[in-house]
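Worksheet: one structure, shown below.
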Amino acid sequence: MKLKITLLLILVASTVSFAQVRLEGVVKDSIGDPLELANVVAINQETKALDSYGITNDAGRYKLSLKKNTTYKVQVSYIGMKTGEQIIETKEATIIKDFTLQQDNALDEVELVYEMPVTVKGDTLIYNADSFNTGTERKLGDVLENLPGVEINDDGEIEVEGKVVSKVMVEGKDFFDGDSKLATENIPSNAIDKVQVLKNFSEVGQLRSVTNNQDNVAINIKLKEGKKNFWFGNITAGGGTSNENELYLFQPKLFYYSPELSINTITDLNNIGEIAFSRRDYFNFTGGFRSPSRQSGTNINLGSNNLGFLTTQNNRAKDIITKFGAANFSWSPNKALNLSGFAIFLNNKTELQENRDIQYTDPDLGIPDESTESNTLQRSDLGMLKLSAQYQPNTNNQLDYDVLGRISKESQDQLFVSTVNGNIDELEGSTPYSINQNLNYYYTLNDANIFSLEVQHLLQDEDPFYNAIIEDKDDYESTAINLGLDGAQMDYNLTQEKRVKSNQMDAKLDYWNILNNKSNINFTLGTILSSQQFDSNIFQFLDDDSQFNPTPTINDGLATNDIKYNFSDVYLGLHYRLKAGIFTFTPGVSAHAYSAKNTQFNTQVTDNFFRLLPDFNMRMQLKNSEQIILNYAMQTQFTDVSNFARGLVLNNYNALFSGAPDLESALRHNLSLVYSSFNMFNYTNVFARLNYTKSADNIRNISTFEPGSVIRISSPFNSDFSDESASASGRFQRTFGKIRASLNGNFSYSKYNQFVGAQQSVNESFSQTYRVQLRTSFKTAPNIELNYRYSIQDNNQGDSNTKFFTKAPSVEVDALILKSFTFKSDYSYNNFSDEEGTINSYEFLNASLSYKKDKDAKFEYEIKATNLFDTKSQNNSNTGAISVSATEYFIQPLYVSLRLRYEL
């Protein structure tokens with residue numbers, strides 16, 4: 001297989017290189033100065049097609065690859081200059097041709113006969129979508145993957161020159177608050193005219209000159225003519241069959257855009273595992289909310305009491321039924337006011353099956369190895385509603401208000417079989433809700449004085465429920481005694497109710513004084529006020545369905561919790577920003593007065609202290625798209641209420657936990673160095689990042705295992721040992737004609753201290769991942785994408801060492817056949833091994849064939865098959881603090897479906 005891939009790459013590369021000749025030269029102005037970012041295009045005079053294009057570098061140099069023995073019209077354009085053109089006939093040898101452009105009023109206008117694929121206007125990079133499309137694209141994500149310098153990462157986020165895109169807009173209006181995954185998966189490709197990459201993006205124009213926005217990147221989609229003031233989109237319906245189920249699919253995606261009003265609607269109903277919006281997406285969806293104190297140096301964790309769901313892997317659970325609906329609107333009744341909002345609903349029903357083998361790495365602990373089997377049914381009903389208003393009567397005033405509500409109902413029923421604890425039936429349920437409000441006001445007094453006020457309030461209520469029925473009483477006997485359970489029952493029916501209420505306000509007032517065009521000073525006055533209440537109760541259902549409240553024989557007999565935790569931070573910050581040549585320096589410091597207080601069992605513990613937290617940012621702008629960024633920040637880390645609660649808590653039937661009321665905060669040092677460069681001359685994209693973190697007084701858990709059991713009791717404490725982590729990542733991408741090559745590398749090292757019983761050990765982990773990608777971009781030939789990923793996971797857990805290797809080649813093919821048929825296929829192979837040999841391997845093959853009479857046809861017919869090899873399961877591994885595990889994860893079988901898509 002490797003030989004075939006190598007030969008294919010050699011053939012493709014040789015075909016591209018030997019059939020072409022180079023045209024190069026320099027573009028200057030009338031006085032001989034080189035023009036950077038001038039556009040150069042070559043139009044084939046026979047086909048009238050654009051065969052090549054380029055953009056000049058800082059020395060005015062350009063380079064085009066053209067066909068031999070062909071006549072071209074070469075046009076050179078630059079903002080403020082008259083377009084130059086020349087007829088050139090290629091032969092066998094390289095052609096050197098310089099251009100001199102005149103001022104706009106010097107010559108008669110030369111008409112551009114072809115639109116530039118890429119245009120640079122200040123901080124905006126504009127891609128003409130049709131210049132990169134091959135005809136097989138169906139959604140925005142397909143278009144973006146064709147663009148140089150743009151990537152879709154493994155999490156579905158858009159990256160530009162190594163930076164994650166913070167917002168996606170369509171015609172200048174937020175698409176579901178800028179969520180990139182919803183945009184890439186749902187906006188139809190045939191509606192896209194231009195993709196505008198907005199660098200140094202600032203949502204508040206008044207703050208653009210006083211804040212560092214260089215890391216902020218947004219994308220704005222410009223629609224084609226005919227897509228504005230009309231409904232557009234598509235409706236897909238289909239069905240099929242598998243060995244077990246009748247399949248169905250219904251996916252309407254409708255959009256309307258006008259200058260005053262935009263409406264987006266997305267619906268997805270299917271039982272074939274095509275998840276438009278996952279549970280993970282729901283909980284990661286911020287709705288555009290950002291904490292005002294995110295850069296203050298304080299990090300307070302409100303905790304997460306979501307159910308411990310097993311998560312689907314690549315939409316490959318055993319069975320998945322999805323119902324998803326979303327609507328987004330933006331309305332501008334006048335120039336000063338904009339109203340917007342969205343609603344999202346998700347219903348998922350998922351069946352999962354897993355087999356897992358767990359090996360504990362330290363034989364001195366006496367913990368037996370364990371094999372488990374689990375069958376799980378998950379149900380989720382998740383809803384989200386947001387309304388926003390922005391009022392900007394003039395350039396000196398802007399008022400924003402947002403309110404976001406979430407509500408959900410979830411359950412998980414899991415039948416768990418353990419070689420150590422026998423059969424356990426676990427049931428979890430939760431109906432949490434939250435309301436988040438945000439108020440921002442920005443005021444410019446004059447050219448030298450700017451003010452901003454940001455206030456955010458969060459109200460959250462969580463009520464996780466846990467029930468475990470342990471049938472094998474003998475293996476649970478010691479834990480049952482510790483918990484004080486009634487042993488005269490058929491089984492142990494153990495239940496816990498919890499309630500966590502959180503109320504937090506985060507506010508800050510900023511003042512900027514612009515000293516001159518090179519420097520400004522920023523004063524910040526802010527506060528974080530947080531209150532949490534935690535209640536929990538462990539009880540037992542008896543055989544007669546009555547409830548029994550046990551009294552544990554451990555933990556001072558505490559099996560319930562009723563604790564209040566209050567936290568406050570009042571801080572004053574000072575930052576100075578200075579531009580000096582290619583450098584921008586922003587040193588700063590914040591002074592914090594902290595107070596943390598928890599009250600439980602008629603006892604109050606208070607922790608009041610004062611701390612200075614310095615930070616520093618240095619930016620070196622080497623060129624327009626080349627920079628180095630250095631960041632340092634000291635942070636204070638606070639935990640949530642659950643770690644303070646003294647009463648016993650069931651994290652699981654085999655994991656008991658009791659908190660410590662005297663916990664203190666942790667101190668963290670973060671240092672990062674980033675280099676990024678995007679060369680438009682030869683489309684070379686380089687990105688590298690170094691990170692180092694060191695933390696002291698971290699909250700760690702000390703765990704004690706029952707003798708001969710996997711059941712543990714844990715409690716937190718502030719560790720006297722420092723923990724460290726370091727990481728390095730890099731990417732090099734270069735385009736050679738019609739081939740784009742990428743090389744990625746990621747390295748991470750971590751060292752932390754683990755405590756089991758009275759034994760302290762240092763755990764070290766070092767991981768390496770390398771990825772190579774080759775992708776073609778032919779207009780009239782099939783395109784192929786080749787990937788190879790190789791990773792090494794090396795773990796040192798005290799006296800135990802483990803080392804795992806993963807080899808994962810993959811290939812994707814898409815082809816437009818006879819201008820009407822689109823064929824797509826992807827194949828992936830995964831080999832997992834240790835130093836002794838292969839542990840497991842699996843492979844997947846998917847394919848689809850669609851027919852559309854021509855690009856303007858309304859109907860498209862498609863047949864699609866997933867998991868053509870009918871692979872039953874996939875395998876992975878996980879390394880924990882004191883164990884390693886291998887998991888077999890059962891997946892959906894071979895599915896074949898027929899689909900009909902109608903374009904509005």
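Chain labels A, B, ... are given in the sequence in which chains occur in the structure tokens; within each chain residues are numbered consecutively from 1, and ligands are likewise numbered from 1 in the order shown.
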Among range 479-528 of chain A, which residues does DSSP mark as alpha helix (DSSP H) when it is run on the backbone? Keep the chain and numbering as in the structure and answer as a count of residues only. 5
Can you build me a table of range 680-788 of chain A residues sitting at most 12 Å from range 630-641 of chain A, with the closest atom pair per residue and its distance in Å to one decimal, using only C-alpha atoms, sorted by chain and residue number, as a Markdown table?
```
| residue | atom | partner | partner_atom | distance |
| --- | --- | --- | --- | --- |
| A:Arg689 | CA | A:Leu630 | CA | 10.0 |
| A:Leu690 | CA | A:Leu630 | CA | 9.6 |
| A:Asn691 | CA | A:Asn631 | CA | 9.5 |
| A:Tyr692 | CA | A:Tyr632 | CA | 9.7 |
| A:Thr693 | CA | A:Met634 | CA | 9.9 |
| A:Lys694 | CA | A:Met634 | CA | 9.8 |
| A:Ser695 | CA | A:Gln635 | CA | 9.2 |
| A:Ala696 | CA | A:Thr636 | CA | 10.0 |
| A:Asp697 | CA | A:Gln637 | CA | 9.7 |
| A:Asn698 | CA | A:Gln637 | CA | 8.6 |
| A:Ile699 | CA | A:Thr639 | CA | 8.2 |
| A:Arg700 | CA | A:Thr639 | CA | 11.3 |
| A:Pro716 | CA | A:Thr639 | CA | 10.8 |
| A:Phe717 | CA | A:Thr639 | CA | 11.4 |
| A:Asn718 | CA | A:Thr639 | CA | 11.2 |
```
Selection above as a file: N, CA and C atoms, as a PDB file, in the first residue's frame:
```pdb
ATOM      1  N   ARG A 689       4.027  27.019  18.256  1.00  0.00           N
ATOM      2  CA  ARG A 689       3.648  27.477  19.588  1.00  0.00           C
ATOM      3  C   ARG A 689       4.406  26.682  20.652  1.00  0.00           C
ATOM      4  N   LEU A 690       4.907  27.402  21.663  1.00  0.00           N
ATOM      5  CA  LEU A 690       5.523  26.800  22.844  1.00  0.00           C
ATOM      6  C   LEU A 690       4.735  27.252  24.066  1.00  0.00           C
ATOM      7  N   ASN A 691       4.434  26.316  24.970  1.00  0.00           N
ATOM      8  CA  ASN A 691       3.701  26.633  26.200  1.00  0.00           C
ATOM      9  C   ASN A 691       4.395  25.987  27.388  1.00  0.00           C
ATOM     10  N   TYR A 692       4.407  26.717  28.485  1.00  0.00           N
ATOM     11  CA  TYR A 692       4.932  26.149  29.733  1.00  0.00           C
ATOM     12  C   TYR A 692       4.049  26.623  30.880  1.00  0.00           C
ATOM     13  N   THR A 693       3.678  25.687  31.742  1.00  0.00           N
ATOM     14  CA  THR A 693       2.844  26.008  32.906  1.00  0.00           C
ATOM     15  C   THR A 693       3.441  25.353  34.145  1.00  0.00           C
ATOM     16  N   LYS A 694       3.510  26.126  35.198  1.00  0.00           N
ATOM     17  CA  LYS A 694       3.941  25.592  36.491  1.00  0.00           C
ATOM     18  C   LYS A 694       2.955  26.080  37.540  1.00  0.00           C
ATOM     19  N   SER A 695       2.477  25.156  38.360  1.00  0.00           N
ATOM     20  CA  SER A 695       1.486  25.520  39.368  1.00  0.00           C
ATOM     21  C   SER A 695       1.890  24.996  40.730  1.00  0.00           C
ATOM     22  N   ALA A 696       1.564  25.764  41.738  1.00  0.00           N
ATOM     23  CA  ALA A 696       1.870  25.413  43.120  1.00  0.00           C
ATOM     24  C   ALA A 696       0.579  25.358  43.929  1.00  0.00           C
ATOM     25  N   ASP A 697       0.580  24.570  44.987  1.00  0.00           N
ATOM     26  CA  ASP A 697      -0.577  24.412  45.882  1.00  0.00           C
ATOM     27  C   ASP A 697      -1.795  23.861  45.148  1.00  0.00           C
ATOM     28  N   ASN A 698      -1.552  23.053  44.125  1.00  0.00           N
ATOM     29  CA  ASN A 698      -2.659  22.462  43.387  1.00  0.00           C
ATOM     30  C   ASN A 698      -3.511  21.592  44.292  1.00  0.00           C
ATOM     31  N   ILE A 699      -4.802  21.560  43.987  1.00  0.00           N
ATOM     32  CA  ILE A 699      -5.686  20.657  44.720  1.00  0.00           C
ATOM     33  C   ILE A 699      -5.577  19.271  44.090  1.00  0.00           C
ATOM     34  N   ARG A 700      -5.111  18.322  44.886  1.00  0.00           N
ATOM     35  CA  ARG A 700      -4.980  16.938  44.463  1.00  0.00           C
ATOM     36  C   ARG A 700      -5.836  16.055  45.365  1.00  0.00           C
ATOM     37  N   PRO A 716      -9.770  15.707  48.866  1.00  0.00           N
ATOM     38  CA  PRO A 716      -8.825  16.662  48.286  1.00  0.00           C
ATOM     39  C   PRO A 716      -7.940  17.319  49.341  1.00  0.00           C
ATOM     40  N   PHE A 717      -6.789  17.824  48.893  1.00  0.00           N
ATOM     41  CA  PHE A 717      -5.901  18.592  49.751  1.00  0.00           C
ATOM     42  C   PHE A 717      -5.005  19.448  48.850  1.00  0.00           C
ATOM     43  N   ASN A 718      -4.376  20.445  49.428  1.00  0.00           N
ATOM     44  CA  ASN A 718      -3.420  21.273  48.691  1.00  0.00           C
ATOM     45  C   ASN A 718      -2.048  20.605  48.720  1.00  0.00           C
TER      46      ASN A 718
END
```
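Of the residues under consideration (A:Ala886, A:Leu845, A:Ile55, A:Ile891), A:Ile891 shows the shortest atom-to-atom contact distance to Thr350 in chain A when counting only C-alpha atoms.
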Once DSSP has gone over the backbone, tell me which residues of range 160-324 of chain A are in strand (DSSP E), as a ChimeraX atom specification. /A:160,163-164,167-170,173-174,192-199,217-223,231-241,246-257,261-270,298-300,319-324
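For Asp556 in chain A, the list of residues within 12 Å, based on only C-alpha atoms and with local chain neighbours fewer than 2 positions off taken out, reads Asn482, Leu483, Gly484, Thr551, Pro552, Thr553, Ile554, Leu558, Ala559, Thr560, Phe601, Arg646, Gly647, Leu648 and Ser658 of chain A.
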Can you write out as JSON lines which residues of range 482-526 of chain A fall within 7 Å of range 461-478 of chain A, alongside each residue's closest atom pair and its distance in Å to one decimal, counting only C-alpha atoms and ordering rows by chain and ascending residue number?
```
{"residue": "A:Asn482", "atom": "CA", "partner": "A:Ser478", "partner_atom": "CA", "distance": 6.3}
{"residue": "A:Asp491", "atom": "CA", "partner": "A:Glu471", "partner_atom": "CA", "distance": 5.0}
{"residue": "A:Tyr492", "atom": "CA", "partner": "A:Ile470", "partner_atom": "CA", "distance": 5.1}
{"residue": "A:Asn493", "atom": "CA", "partner": "A:Ile469", "partner_atom": "CA", "distance": 4.4}
{"residue": "A:Leu494", "atom": "CA", "partner": "A:Ala468", "partner_atom": "CA", "distance": 5.2}
{"residue": "A:Thr495", "atom": "CA", "partner": "A:Asn467", "partner_atom": "CA", "distance": 4.3}
{"residue": "A:Gln496", "atom": "CA", "partner": "A:Tyr466", "partner_atom": "CA", "distance": 5.2}
{"residue": "A:Glu497", "atom": "CA", "partner": "A:Phe465", "partner_atom": "CA", "distance": 4.9}
{"residue": "A:Lys498", "atom": "CA", "partner": "A:Asp463", "partner_atom": "CA", "distance": 5.5}
{"residue": "A:Arg499", "atom": "CA", "partner": "A:Asp463", "partner_atom": "CA", "distance": 4.5}
{"residue": "A:Val500", "atom": "CA", "partner": "A:Glu462", "partner_atom": "CA", "distance": 5.1}
{"residue": "A:Lys501", "atom": "CA", "partner": "A:Asp461", "partner_atom": "CA", "distance": 4.6}
{"residue": "A:Ser502", "atom": "CA", "partner": "A:Asp461", "partner_atom": "CA", "distance": 6.5}
```
Of the residues A:Gln768, A:Thr838, A:Thr134, A:Ser258, which is the one nearest to Phe329 in chain A, using only C-alpha atoms? A:Ser258
Near-range 364-374 of chain A list (12 Å; only C-alpha atoms; drop same-chain fewer than 3 positions) as a ChimeraX atom specification: /A:310,351-361,377,413-426,703-712,755-760,798-800,882-890
Would you pick out the contacts of Ile87 in chain A at 10 Å or less, using only C-alpha atoms, so that residues sharing its chain but fewer than 5 positions from it are not included, and give the list as a list in words?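 In the requested format, the answer is Ala42, Ile43, Gln45, Thr71, Tyr72, Lys73, Val74 and Gln75 of chain A.
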With C-alpha atoms retained, write the just-selected residues as a PDB file, in the first residue's frame.
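In the end it all went to again_35.pdb:
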```
ATOM      1  CA  ALA A  42      -2.783  34.824 -16.313  1.00  0.00           C
ATOM      2  CA  ILE A  43      -5.814  34.203 -18.571  1.00  0.00           C
ATOM      3  CA  GLN A  45      -6.424  33.171 -24.468  1.00  0.00           C
ATOM      4  CA  THR A  71      -0.761  32.255 -25.177  1.00  0.00           C
ATOM      5  CA  TYR A  72      -1.767  34.214 -22.065  1.00  0.00           C
ATOM      6  CA  LYS A  73      -2.985  37.670 -21.187  1.00  0.00           C
ATOM      7  CA  VAL A  74      -1.193  38.635 -17.963  1.00  0.00           C
ATOM      8  CA  GLN A  75      -2.831  41.378 -15.904  1.00  0.00           C
TER       9      GLN A  75
END
```
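Interatomic distance, CA of Ser189 in chain A to CA of Val160 in chain A: 18.9 Å.
If you measure from each of A:Val170, A:Val41, A:Leu868, A:Ala129 to Pro259 in chain A using only C-alpha atoms, the closest one turns out to be A:Val170.
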Find the spatial neighbours of range 603-613 of chain A, counting only C-alpha atoms, within a cut-off of 7 Å - ignore same-chain residues fewer than 5 positions away - and output them as a short mmCIF file (atom, residue, chain, number, x, y, z; two decimals) with C-alpha atoms, in the first residue's frame.
```cif
data_model
loop_
_atom_site.label_atom_id
_atom_site.label_comp_id
_atom_site.auth_asym_id
_atom_site.auth_seq_id
_atom_site.Cartn_x
_atom_site.Cartn_y
_atom_site.Cartn_z
CA GLY A 297 -5.73 36.79 36.60
CA VAL A 589 -0.35 44.15 37.00
CA SER A 590 -3.56 43.61 38.97
CA ALA A 591 -4.04 43.88 42.71
CA HIS A 592 -6.64 41.50 44.18
CA ALA A 593 -8.39 41.36 47.55
CA TYR A 594 -9.79 37.82 47.85
CA SER A 595 -12.30 36.38 50.29
CA ALA A 596 -13.49 32.77 50.27
CA LYS A 597 -15.88 31.45 52.92
CA ASN A 598 -17.67 28.12 53.34
CA MET A 634 0.22 34.70 36.79
CA GLN A 635 -3.18 33.33 37.82
CA PRO A 661 -13.35 22.82 54.15
CA ASP A 662 -9.84 24.29 54.62
#
```
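Atom pair CA of Gln295 in chain A / CA of Gln206 in chain A: separated by 19.2 Å.
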Cut-off 12 Å: closest range 414-509 of chain A/range 391-398 of chain A atom pairs per residue, using only C-alpha atoms, as JSON lines:
```
{"residue": "A:Leu439", "atom": "CA", "partner": "A:Gln398", "partner_atom": "CA", "distance": 10.8}
{"residue": "A:Asn440", "atom": "CA", "partner": "A:Gln398", "partner_atom": "CA", "distance": 8.0}
{"residue": "A:Tyr441", "atom": "CA", "partner": "A:Gln398", "partner_atom": "CA", "distance": 5.7}
{"residue": "A:Tyr442", "atom": "CA", "partner": "A:Gln398", "partner_atom": "CA", "distance": 5.2}
{"residue": "A:Tyr443", "atom": "CA", "partner": "A:Asn397", "partner_atom": "CA", "distance": 4.8}
{"residue": "A:Thr444", "atom": "CA", "partner": "A:Asn396", "partner_atom": "CA", "distance": 4.7}
{"residue": "A:Leu445", "atom": "CA", "partner": "A:Asn396", "partner_atom": "CA", "distance": 7.1}
{"residue": "A:Asn446", "atom": "CA", "partner": "A:Asn396", "partner_atom": "CA", "distance": 8.3}
{"residue": "A:Asp447", "atom": "CA", "partner": "A:Asn396", "partner_atom": "CA", "distance": 10.0}
{"residue": "A:Asn449", "atom": "CA", "partner": "A:Asn396", "partner_atom": "CA", "distance": 10.8}
{"residue": "A:Ile450", "atom": "CA", "partner": "A:Asn396", "partner_atom": "CA", "distance": 8.9}
{"residue": "A:Phe451", "atom": "CA", "partner": "A:Asn397", "partner_atom": "CA", "distance": 9.9}
{"residue": "A:Ser452", "atom": "CA", "partner": "A:Gln398", "partner_atom": "CA", "distance": 9.4}
{"residue": "A:Leu453", "atom": "CA", "partner": "A:Gln398", "partner_atom": "CA", "distance": 10.6}
{"residue": "A:Glu454", "atom": "CA", "partner": "A:Gln398", "partner_atom": "CA", "distance": 11.8}
```
Extract, using only C-alpha atoms, all DNA, RNA and protein residues at most 7 Å from Phe176 in chain A, discarding same-chain residues fewer than 2 positions from it, and format them as a VMD selection string. chain A and resid 174 178 to 179 328 342
Nearest to Asp510 in chain A, chosen from A:Tyr571, A:Phe869, A:Tyr788, A:Phe657, with only C-alpha atoms counted in the distances: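 Closest candidate: A:Tyr571.
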Nearest residue to Ser625 in chain A from the set A:Val27, A:Val120, A:Leu339, A:Leu35 (distances using only C-alpha atoms):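 Among the listed residues, A:Val120 lies closest to Ser625 in chain A.
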Have a look at A:Gly287, A:Pro587, A:Gly405, A:Gly581 and name the one nearest to Leu622 in chain A; count only C-alpha atoms. A:Gly581
